[in-house]
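> File name target.pdb; file contents PDB, C-alpha atoms; full text below.
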ATOM      1  CA  VAL I   1     -35.127  60.938 199.077  1.00  0.00           C
ATOM      2  CA  ASN I   2     -36.980  57.743 198.200  1.00  0.00           C
ATOM      3  CA  HIS I   3     -34.710  55.235 196.460  1.00  0.00           C
ATOM      4  CA  PHE I   4     -37.571  52.914 195.490  1.00  0.00           C
ATOM      5  CA  ILE I   5     -38.751  53.793 192.006  1.00  0.00           C
ATOM      6  CA  ILE I   6     -41.518  52.518 189.752  1.00  0.00           C
ATOM      7  CA  SER I   7     -40.509  53.030 186.126  1.00  0.00           C
ATOM      8  CA  GLU I   8     -41.956  52.371 182.688  1.00  0.00           C
ATOM      9  CA  ASP I   9     -38.485  52.741 181.184  1.00  0.00           C
ATOM     10  CA  GLU I  10     -36.199  49.835 180.396  1.00  0.00           C
ATOM     11  CA  ILE I  11     -33.572  49.184 183.090  1.00  0.00           C
ATOM     12  CA  ASN I  12     -30.028  49.372 181.753  1.00  0.00           C
ATOM     13  CA  ILE I  13     -28.058  47.567 184.438  1.00  0.00           C
ATOM     14  CA  VAL I  14     -24.722  49.139 183.495  1.00  0.00           C
ATOM     15  CA  GLU I  15     -26.117  52.656 183.704  1.00  0.00           C
ATOM     16  CA  PHE I  16     -28.061  51.743 186.837  1.00  0.00           C
ATOM     17  CA  ASN I  17     -24.908  50.550 188.621  1.00  0.00           C
ATOM     18  CA  LYS I  18     -22.904  53.643 187.682  1.00  0.00           C
ATOM     19  CA  GLN I  19     -25.074  55.790 189.957  1.00  0.00           C
ATOM     20  CA  PHE I  20     -23.797  54.228 193.133  1.00  0.00           C
ATOM     21  CA  LYS I  21     -20.448  55.068 194.622  1.00  0.00           C
ATOM     22  CA  ASN I  22     -19.539  55.130 198.291  1.00  0.00           C
ATOM     23  CA  PRO I  23     -15.961  55.096 199.656  1.00  0.00           C
ATOM     24  CA  ASN I  24     -17.185  53.323 202.832  1.00  0.00           C
ATOM     25  CA  ALA I  25     -18.561  50.397 200.830  1.00  0.00           C
ATOM     26  CA  GLY I  26     -16.424  47.311 200.452  1.00  0.00           C
ATOM     27  CA  ALA I  27     -19.326  45.299 199.061  1.00  0.00           C
ATOM     28  CA  ILE I  28     -22.115  45.771 196.566  1.00  0.00           C
ATOM     29  CA  SER I  29     -24.803  43.105 196.305  1.00  0.00           C
ATOM     30  CA  SER I  30     -27.394  43.203 193.590  1.00  0.00           C
ATOM     31  CA  PHE I  31     -30.397  41.172 192.540  1.00  0.00           C
ATOM     32  CA  GLN I  32     -32.068  41.239 189.145  1.00  0.00           C
ATOM     33  CA  GLY I  33     -35.463  39.667 188.567  1.00  0.00           C
ATOM     34  CA  ILE I  34     -35.846  38.919 184.872  1.00  0.00           C
ATOM     35  CA  VAL I  35     -38.726  37.781 182.691  1.00  0.00           C
ATOM     36  CA  ARG I  36     -38.757  33.986 182.287  1.00  0.00           C
ATOM     37  CA  ASN I  37     -40.236  32.103 179.324  1.00  0.00           C
ATOM     38  CA  ASN I  38     -42.287  29.676 181.428  1.00  0.00           C
ATOM     39  CA  ASN I  39     -44.423  29.563 184.555  1.00  0.00           C
ATOM     40  CA  LEU I  40     -46.457  26.755 186.108  1.00  0.00           C
ATOM     41  CA  GLY I  41     -46.029  24.626 183.002  1.00  0.00           C
ATOM     42  CA  LYS I  42     -47.102  27.282 180.510  1.00  0.00           C
ATOM     43  CA  ASP I  43     -44.953  28.875 177.794  1.00  0.00           C
ATOM     44  CA  VAL I  44     -44.807  32.602 178.507  1.00  0.00           C
ATOM     45  CA  LEU I  45     -44.522  35.037 175.580  1.00  0.00           C
ATOM     46  CA  ARG I  46     -44.262  38.284 177.595  1.00  0.00           C
ATOM     47  CA  LEU I  47     -45.430  39.999 180.781  1.00  0.00           C
ATOM     48  CA  GLU I  48     -47.326  43.107 181.683  1.00  0.00           C
ATOM     49  CA  TYR I  49     -46.905  44.772 185.062  1.00  0.00           C
ATOM     50  CA  GLN I  50     -49.294  47.282 186.590  1.00  0.00           C
ATOM     51  CA  SER I  51     -48.651  49.205 189.772  1.00  0.00           C
ATOM     52  CA  TYR I  52     -50.468  51.409 192.235  1.00  0.00           C
ATOM     53  CA  ASP I  53     -47.573  53.812 191.788  1.00  0.00           C
ATOM     54  CA  ARG I  54     -47.929  56.166 194.734  1.00  0.00           C
ATOM     55  CA  LEU I  55     -48.451  53.453 197.326  1.00  0.00           C
ATOM     56  CA  ALA I  56     -45.893  51.154 195.673  1.00  0.00           C
ATOM     57  CA  GLU I  57     -43.155  53.771 195.958  1.00  0.00           C
ATOM     58  CA  LYS I  58     -44.177  54.550 199.522  1.00  0.00           C
ATOM     59  CA  GLU I  59     -44.198  50.909 200.628  1.00  0.00           C
ATOM     60  CA  GLY I  60     -41.001  50.179 198.683  1.00  0.00           C
ATOM     61  CA  GLY I  61     -39.344  53.108 200.446  1.00  0.00           C
ATOM     62  CA  ASN I  62     -40.472  51.677 203.791  1.00  0.00           C
ATOM     63  CA  ILE I  63     -38.807  48.370 202.919  1.00  0.00           C
ATOM     64  CA  LEU I  64     -35.520  50.081 202.022  1.00  0.00           C
ATOM     65  CA  ASN I  65     -35.614  52.012 205.298  1.00  0.00           C
ATOM     66  CA  GLU I  66     -36.252  48.803 207.242  1.00  0.00           C
ATOM     67  CA  ALA I  67     -33.197  47.254 205.571  1.00  0.00           C
ATOM     68  CA  LEU I  68     -31.103  50.292 206.535  1.00  0.00           C
ATOM     69  CA  GLU I  69     -32.238  49.973 210.154  1.00  0.00           C
ATOM     70  CA  THR I  70     -31.858  46.199 210.373  1.00  0.00           C
ATOM     71  CA  PHE I  71     -28.568  45.587 208.593  1.00  0.00           C
ATOM     72  CA  ASP I  72     -25.143  47.207 208.691  1.00  0.00           C
ATOM     73  CA  ILE I  73     -25.334  48.731 205.215  1.00  0.00           C
ATOM     74  CA  GLU I  74     -24.559  52.109 203.667  1.00  0.00           C
ATOM     75  CA  SER I  75     -27.393  52.463 201.175  1.00  0.00           C
ATOM     76  CA  ALA I  76     -30.037  50.526 199.255  1.00  0.00           C
ATOM     77  CA  TYR I  77     -31.872  51.083 195.985  1.00  0.00           C
ATOM     78  CA  CYS I  78     -34.658  49.330 194.128  1.00  0.00           C
ATOM     79  CA  THR I  79     -36.400  49.950 190.803  1.00  0.00           C
ATOM     80  CA  HIS I  80     -39.386  47.955 189.516  1.00  0.00           C
ATOM     81  CA  ARG I  81     -40.687  48.086 185.946  1.00  0.00           C
ATOM     82  CA  THR I  82     -44.261  48.519 184.821  1.00  0.00           C
ATOM     83  CA  GLY I  83     -45.742  48.063 181.356  1.00  0.00           C
ATOM     84  CA  ALA I  84     -44.958  45.420 178.749  1.00  0.00           C
ATOM     85  CA  LEU I  85     -41.814  43.328 179.215  1.00  0.00           C
ATOM     86  CA  GLU I  86     -40.228  40.744 176.935  1.00  0.00           C
ATOM     87  CA  ILE I  87     -38.401  37.538 177.872  1.00  0.00           C
ATOM     88  CA  GLY I  88     -35.019  38.425 179.390  1.00  0.00           C
ATOM     89  CA  ASP I  89     -35.996  41.987 180.347  1.00  0.00           C
ATOM     90  CA  ILE I  90     -35.144  43.120 183.859  1.00  0.00           C
ATOM     91  CA  ALA I  91     -38.354  43.453 185.868  1.00  0.00           C
ATOM     92  CA  VAL I  92     -36.809  44.472 189.168  1.00  0.00           C
ATOM     93  CA  VAL I  93     -33.349  45.357 190.407  1.00  0.00           C
ATOM     94  CA  VAL I  94     -32.034  45.722 193.975  1.00  0.00           C
ATOM     95  CA  ILE I  95     -28.643  47.226 194.823  1.00  0.00           C
ATOM     96  CA  VAL I  96     -27.151  47.312 198.324  1.00  0.00           C
ATOM     97  CA  LEU I  97     -23.879  48.972 199.303  1.00  0.00           C
ATOM     98  CA  ALA I  98     -22.269  47.888 202.572  1.00  0.00           C
ATOM     99  CA  GLY I  99     -18.975  47.811 204.376  1.00  0.00           C
ATOM    100  CA  HIS I 100     -18.833  44.027 204.168  1.00  0.00           C
ATOM    101  CA  ARG I 101     -20.454  41.271 202.157  1.00  0.00           C
ATOM    102  CA  ASP I 102     -22.461  39.519 204.855  1.00  0.00           C
ATOM    103  CA  ASP I 103     -24.932  42.317 205.495  1.00  0.00           C
ATOM    104  CA  SER I 104     -25.037  43.367 201.841  1.00  0.00           C
ATOM    105  CA  PHE I 105     -26.224  39.857 200.881  1.00  0.00           C
ATOM    106  CA  LYS I 106     -28.720  39.699 203.752  1.00  0.00           C
ATOM    107  CA  ALA I 107     -30.182  43.129 203.055  1.00  0.00           C
ATOM    108  CA  CYS I 108     -30.489  42.411 199.331  1.00  0.00           C
ATOM    109  CA  ARG I 109     -32.403  39.215 200.091  1.00  0.00           C
ATOM    110  CA  TYR I 110     -34.619  40.971 202.625  1.00  0.00           C
ATOM    111  CA  ILE I 111     -35.523  43.729 200.181  1.00  0.00           C
ATOM    112  CA  ILE I 112     -36.511  41.508 197.248  1.00  0.00           C
ATOM    113  CA  ASP I 113     -38.476  39.144 199.507  1.00  0.00           C
ATOM    114  CA  GLU I 114     -40.456  41.986 201.081  1.00  0.00           C
ATOM    115  CA  VAL I 115     -41.028  43.711 197.734  1.00  0.00           C
ATOM    116  CA  LYS I 116     -42.624  40.545 196.373  1.00  0.00           C
ATOM    117  CA  LEU I 117     -44.840  40.250 199.461  1.00  0.00           C
ATOM    118  CA  ARG I 118     -45.903  43.842 200.072  1.00  0.00           C
ATOM    119  CA  VAL I 119     -45.500  46.257 197.169  1.00  0.00           C
ATOM    120  CA  PRO I 120     -48.746  46.761 195.178  1.00  0.00           C
ATOM    121  CA  ILE I 121     -47.589  45.573 191.752  1.00  0.00           C
ATOM    122  CA  TRP I 122     -49.444  42.998 189.647  1.00  0.00           C
ATOM    123  CA  LYS I 123     -48.195  40.738 186.873  1.00  0.00           C
ATOM    124  CA  LYS I 124     -50.105  39.535 183.836  1.00  0.00           C
ATOM    125  CA  GLU I 125     -48.693  36.680 181.772  1.00  0.00           C
ATOM    126  CA  ILE I 126     -49.321  36.436 178.034  1.00  0.00           C
ATOM    127  CA  TYR I 127     -48.805  32.870 176.816  1.00  0.00           C
ATOM    128  CA  GLN I 128     -47.538  31.397 173.556  1.00  0.00           C
ATOM    129  CA  ASN I 129     -50.976  29.875 172.893  1.00  0.00           C
ATOM    130  CA  GLY I 130     -52.698  33.281 172.981  1.00  0.00           C
ATOM    131  CA  ASP I 131     -54.172  32.974 176.461  1.00  0.00           C
ATOM    132  CA  SER I 132     -53.347  35.479 179.156  1.00  0.00           C
ATOM    133  CA  GLY I 133     -54.053  35.954 182.832  1.00  0.00           C
ATOM    134  CA  TRP I 134     -53.264  37.932 185.960  1.00  0.00           C
ATOM    135  CA  LEU I 135     -51.289  35.820 188.393  1.00  0.00           C
ATOM    136  CA  LYS I 136     -52.912  34.907 191.672  1.00  0.00           C
ATOM    137  CA  GLY I 137     -50.772  35.977 194.603  1.00  0.00           C
ATOM    138  CA  ALA I 138     -49.930  33.879 197.598  1.00  0.00           C
ATOM    139  CA  GLY I 139     -52.883  35.576 199.302  1.00  0.00           C
TER     140      GLY I 139
ATOM    141  CA  MET M 140     -71.978  44.236 203.447  1.00  0.00           C
ATOM    142  CA  LEU M 141     -69.884  44.671 200.315  1.00  0.00           C
ATOM    143  CA  GLN M 142     -69.062  41.000 200.582  1.00  0.00           C
ATOM    144  CA  GLU M 143     -72.711  39.962 200.484  1.00  0.00           C
ATOM    145  CA  LYS M 144     -73.903  42.504 197.952  1.00  0.00           C
ATOM    146  CA  TYR M 145     -71.100  42.239 195.409  1.00  0.00           C
ATOM    147  CA  SER M 146     -69.515  38.849 196.205  1.00  0.00           C
ATOM    148  CA  PHE M 147     -66.541  40.878 197.378  1.00  0.00           C
ATOM    149  CA  PRO M 148     -63.380  38.906 198.236  1.00  0.00           C
ATOM    150  CA  THR M 149     -62.639  38.255 201.885  1.00  0.00           C
ATOM    151  CA  GLN M 150     -60.695  40.697 203.996  1.00  0.00           C
ATOM    152  CA  ASN M 151     -58.048  38.036 204.458  1.00  0.00           C
ATOM    153  CA  THR M 152     -56.971  38.114 200.835  1.00  0.00           C
ATOM    154  CA  PHE M 153     -57.501  41.750 199.857  1.00  0.00           C
ATOM    155  CA  LYS M 154     -55.783  44.803 201.293  1.00  0.00           C
ATOM    156  CA  VAL M 155     -57.332  48.223 201.562  1.00  0.00           C
ATOM    157  CA  ALA M 156     -55.806  51.691 201.289  1.00  0.00           C
ATOM    158  CA  ILE M 157     -57.281  55.072 202.143  1.00  0.00           C
ATOM    159  CA  ASN M 158     -55.659  58.087 200.481  1.00  0.00           C
ATOM    160  CA  ASP M 159     -52.585  56.098 199.430  1.00  0.00           C
ATOM    161  CA  ASN M 160     -51.968  54.531 202.852  1.00  0.00           C
ATOM    162  CA  PHE M 161     -52.517  50.904 203.787  1.00  0.00           C
ATOM    163  CA  THR M 162     -55.159  50.789 206.489  1.00  0.00           C
ATOM    164  CA  GLU M 163     -57.390  48.495 208.522  1.00  0.00           C
ATOM    165  CA  TRP M 164     -60.792  47.447 207.183  1.00  0.00           C
ATOM    166  CA  ASN M 165     -62.669  49.042 210.093  1.00  0.00           C
ATOM    167  CA  GLU M 166     -61.095  52.490 209.621  1.00  0.00           C
ATOM    168  CA  PRO M 167     -63.793  55.216 209.580  1.00  0.00           C
ATOM    169  CA  LEU M 168     -64.130  57.157 206.321  1.00  0.00           C
ATOM    170  CA  ASP M 169     -64.272  60.890 205.691  1.00  0.00           C
ATOM    171  CA  GLN M 170     -65.928  62.672 202.787  1.00  0.00           C
ATOM    172  CA  GLN M 171     -63.755  62.622 199.639  1.00  0.00           C
ATOM    173  CA  ASP M 172     -61.558  59.808 200.927  1.00  0.00           C
ATOM    174  CA  ILE M 173     -60.165  57.681 198.111  1.00  0.00           C
ATOM    175  CA  ILE M 174     -60.506  53.963 198.830  1.00  0.00           C
ATOM    176  CA  VAL M 175     -58.489  51.321 196.981  1.00  0.00           C
ATOM    177  CA  PHE M 176     -59.021  47.556 197.276  1.00  0.00           C
ATOM    178  CA  MET M 177     -56.047  45.442 196.276  1.00  0.00           C
ATOM    179  CA  PRO M 178     -55.826  41.750 195.388  1.00  0.00           C
ATOM    180  CA  PRO M 179     -52.695  39.841 196.479  1.00  0.00           C
ATOM    181  CA  VAL M 180     -49.627  41.430 194.901  1.00  0.00           C
ATOM    182  CA  THR M 181     -47.523  39.597 192.312  1.00  0.00           C
ATOM    183  CA  GLY M 182     -44.563  41.846 191.614  1.00  0.00           C
ATOM    184  CA  GLY M 183     -40.939  40.799 191.264  1.00  0.00           C
TER     185      GLY M 183
END
Hey, can you dump this file as structure tokens for me?

Amino acid sequence: VNHFIISEDEINIVEFNKQFKNPNAGAISSFQGIVRNNNLGKDVLRLEYQSYDRLAEKEGGNILNEALETFDIESAYCTHRTGALEIGDIAVVVIVLAGHRDDSFKACRYIIDEVKLRVPIWKKEIYQNGDSGWLKGAG
Amino acid sequence: MLQEKYSFPTQNTFKVAINDNFTEWNEPLDQQDIIVFMPPVTGG
């Protein structure tokens, strides 16, 4: 089962968290990436994300598996939004369950860092002044 | 060749996938293969 999901649907963090229960887990770490109202000095009105869905879910699943192999954790999940998002919306969420906090933090950090580097998702910013543009990646 | 003919971005910045798998730029192609060129990603 691949726990990396691309979704057009709004992420409800309370409902999202309810899915995960594991009696071996003494720690749950989570990261939420949310839509910010500014970037590089420009006032951002909203964002649009597009994804190469099939490859994104495959590569995202690879990242979760790497985290499971590298860190002492029980399970890991990640969902990334596509479509139009407003300021304050959750764009991406990572959840890691582990026996102890140290590896849950480390795995959570690893997953979000690798997702931003490797998963084929692209972000367009729409600005307050009416301009818009696709962000240029680190390349 | 693509680079010269279409001002295609360099292989350093773009990634390529064949049939939904990341691959190397010198991978041989088969008939009906689906090729995708990807600019640097900006998710998260």
> Would you list which chain M residues are within 7 Å of chain I using all atoms listed in the file, as a short mmCIF file (atom, residue, chain, number, x, y, z; two decimals) with C-alpha atoms, in the frame of the given file?

data_model
loop_
_atom_site.label_atom_id
_atom_site.label_comp_id
_atom_site.auth_asym_id
_atom_site.auth_seq_id
_atom_site.Cartn_x
_atom_site.Cartn_y
_atom_site.Cartn_z
CA THR M 152 -56.97 38.11 200.84
CA ASP M 159 -52.58 56.10 199.43
CA ASN M 160 -51.97 54.53 202.85
CA PRO M 179 -52.70 39.84 196.48
CA VAL M 180 -49.63 41.43 194.90
CA THR M 181 -47.52 39.60 192.31
CA GLY M 182 -44.56 41.85 191.61
CA GLY M 183 -40.94 40.80 191.26
#
> Just how far from atom CA of Tyr77 of chain I is atom CA of Lys21 of chain I, in Å to one decimal?
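Answer for the atom CA of Lys21 of chain I to atom CA of Tyr77 of chain I separation: 12.2 Å.
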> On this file, the PyMOL selection byres ((chain I and resi 3) around 12) gives some set of residues; write that set as a list in words.
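Those residues are Val1, Asn2, Phe4, Ile5, Ile6, Gln19, Phe20, Ala56, Glu57, Lys58, Glu59, Gly60, Gly61, Asn62, Ile63, Leu64, Asn65, Leu68, Ser75, Ala76, Tyr77, Cys78, Thr79, His80, Val93, Val94, Ile95 and Val96 of chain I.
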> Using only C-alpha atoms, which residues sit within 7 Å of segment 165-178 of chain M once same-chain residues fewer than 3 positions away are excluded, as an mmCIF file with C-alpha atoms, keeping the file's coordinate frame?

data_model
loop_
_atom_site.group_PDB
_atom_site.id
_atom_site.type_symbol
_atom_site.label_atom_id
_atom_site.label_comp_id
_atom_site.auth_asym_id
_atom_site.auth_seq_id
_atom_site.Cartn_x
_atom_site.Cartn_y
_atom_site.Cartn_z
ATOM 1 C CA THR M 152 -56.971 38.114 200.835
ATOM 2 C CA PHE M 153 -57.501 41.750 199.857
ATOM 3 C CA LYS M 154 -55.783 44.803 201.293
ATOM 4 C CA VAL M 155 -57.332 48.223 201.562
ATOM 5 C CA ALA M 156 -55.806 51.691 201.289
ATOM 6 C CA ILE M 157 -57.281 55.072 202.143
ATOM 7 C CA ASN M 158 -55.659 58.087 200.481
ATOM 8 C CA THR M 162 -55.159 50.789 206.489
#
> Figure out the distance between atom CA of Ser7 of chain I and atom CA of Asn37 of chain I, please, to one decimal in Å.
22.0 Å
> Step by step, gather every atom of segment 166-172 of chain M that the file lists, find the box along x, y and z that holds them, add 5 Å on each side, and finally give centre and edge lengths in Å to one decimal, as lines of an AutoDock Vina configuration file.

center_x = -63.5
center_y = 57.6
center_z = 204.6
size_x = 14.8
size_y = 20.2
size_z = 20.0
> To one decimal in Å, tell me the separation between atom CA of Asn129 of chain I and atom CA of Gly88 of chain I.
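Here the two named atoms are 19.2 Å from each other.
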> Given the file shown, enumerate the residues that the PyMOL selection byres ((chain I and resi 40) around 12) captures and present them as a list in words.
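Applying the expression gives Arg36, Asn37, Asn38, Asn39, Gly41, Lys42, Asp43, Val44, Glu125, Tyr127, Leu135 and Lys136 of chain I.
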> Please list as a list in words every residue within 8 Å of Glu86 of chain I, counting all atoms listed in the file and excluding residues in the same chain fewer than 2 positions away.
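Contacts, in chain order: Val35, Leu45, Arg46, Leu47, Ala84, Gly88 and Asp89 of chain I.
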> Given the PyMOL selection byres ((chain I and resi 24) around 10) and the file above, list the residues it selects as a PyMOL selection string.
chain I and resi 21-23+25-27+73-74+97-100
